[in-house]
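Asker: Below is a structure I'd like to ask you about.
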Amino acid sequence: MTRHIRGPWFYHHHMVLSAKEHGVKPAARHFHTTPATVCTWLRRWKEGSLEDLRELSRAHHNAKASVTQEQNEQVLALPSFGARRIKEHFQLFISHKAIRRIWRGAALLKSKRTKYKTTQDPGAVKAQWRLFEQTYTDAKAVIDVPEDWPHIRVLALAKVNSPHGM
């Protein structure tokens, strides 16, 4: 069964009804999920209540490392010359990221100005070159081609010091 536009809770509702009617494993096979998932939704569901079939928040519910109001006020009272330097200089027990988050919340951070970069048109750049300014010629002695070696030797086309003294 595919998920409907009504939302995932509708999908969960059908999964629970199928599990009640046919059992957990057949419902898991039908909905292409695991029996543990079906059991989770069965456990959350109360008869006639669709609100319990909504997804729960996955955020931490008891953040132990949260910043206290006292630390927040202390950071706002300090001069702002870089979060890492503030943390090291004043021996704060919160991270530099937390300091920046406090500053951002109080609108004390200036947003970085993005530079507008223009891409150069290759045709326009090449048009500015003088005649033969950027040309490149690859010259190579072709004495290493075996088929051409007799002609080169007879016609004396290449003056190359050969290892054989020719």
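Each chain in the structure tokens gets a letter, A, B and so on, in the order shown; residues start at 1 in every chain, and ligands are counted from 1 in the order they appear.
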With only C-alpha atoms as the counted atoms, please give the residues lying no more than 12 Å from Lys110 (chain A), apart from itself and same-chain residues fewer than 6 positions off, as an MDAnalysis selection string.
Answerer: chainID A and resid 80 82 100 103:104
Asker: I need the residues in chain A that are alpha helix (DSSP H) according to DSSP; give them as a ChimeraX atom specification.
Answerer: /A:8-22,24-30,35-44,69-77,83-89,96-105,122-127,149-155
Asker: List the spatial neighbours of Glu51 (chain A) as a ChimeraX atom specification - criterion: any atom at most 12 Å away, only C-alpha atoms, same-chain residues fewer than 5 positions off excluded.
Answerer: /A:7-10,12-13,41,44-46,56
Asker: Show me, as a list in words, the residues that have an atom within 10 Å of region 66-77 of chain A when counting only C-alpha atoms, minus same-chain residues fewer than 2 positions from it.
Answerer: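 Final neighbour list, sorted by chain and number: Asn62, Ala63, Lys64, Pro79, Ser80, Ala83, Ile86, Lys87, Phe90, Leu92, Phe93, Ile94, Ser95, Ala98, Ile99, Arg100, Ile102, Trp103, Ala106 and Leu108 of chain A.
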Asker: Region 33-39 of chain A: which residues within 10 Å, counting only C-alpha atoms, same-chain residues fewer than 2 positions away excluded, as a ChimeraX atom specification?
Answerer: /A:12,15-16,18-19,23-31,41-45
Asker: Rounded to one decimal in Å, what is the spacing between CA of Thr114 (chain A) and CA of Lys126 (chain A)?
Answerer: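 Atom-to-atom, CA of Thr114 (chain A) and CA of Lys126 (chain A) are spaced 28.5 Å apart.
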Asker: For CA of Ala107 (chain A) and CA of His60 (chain A), determine how far apart the two atoms are, in Å to one decimal place.
Answerer: 25.6 Å
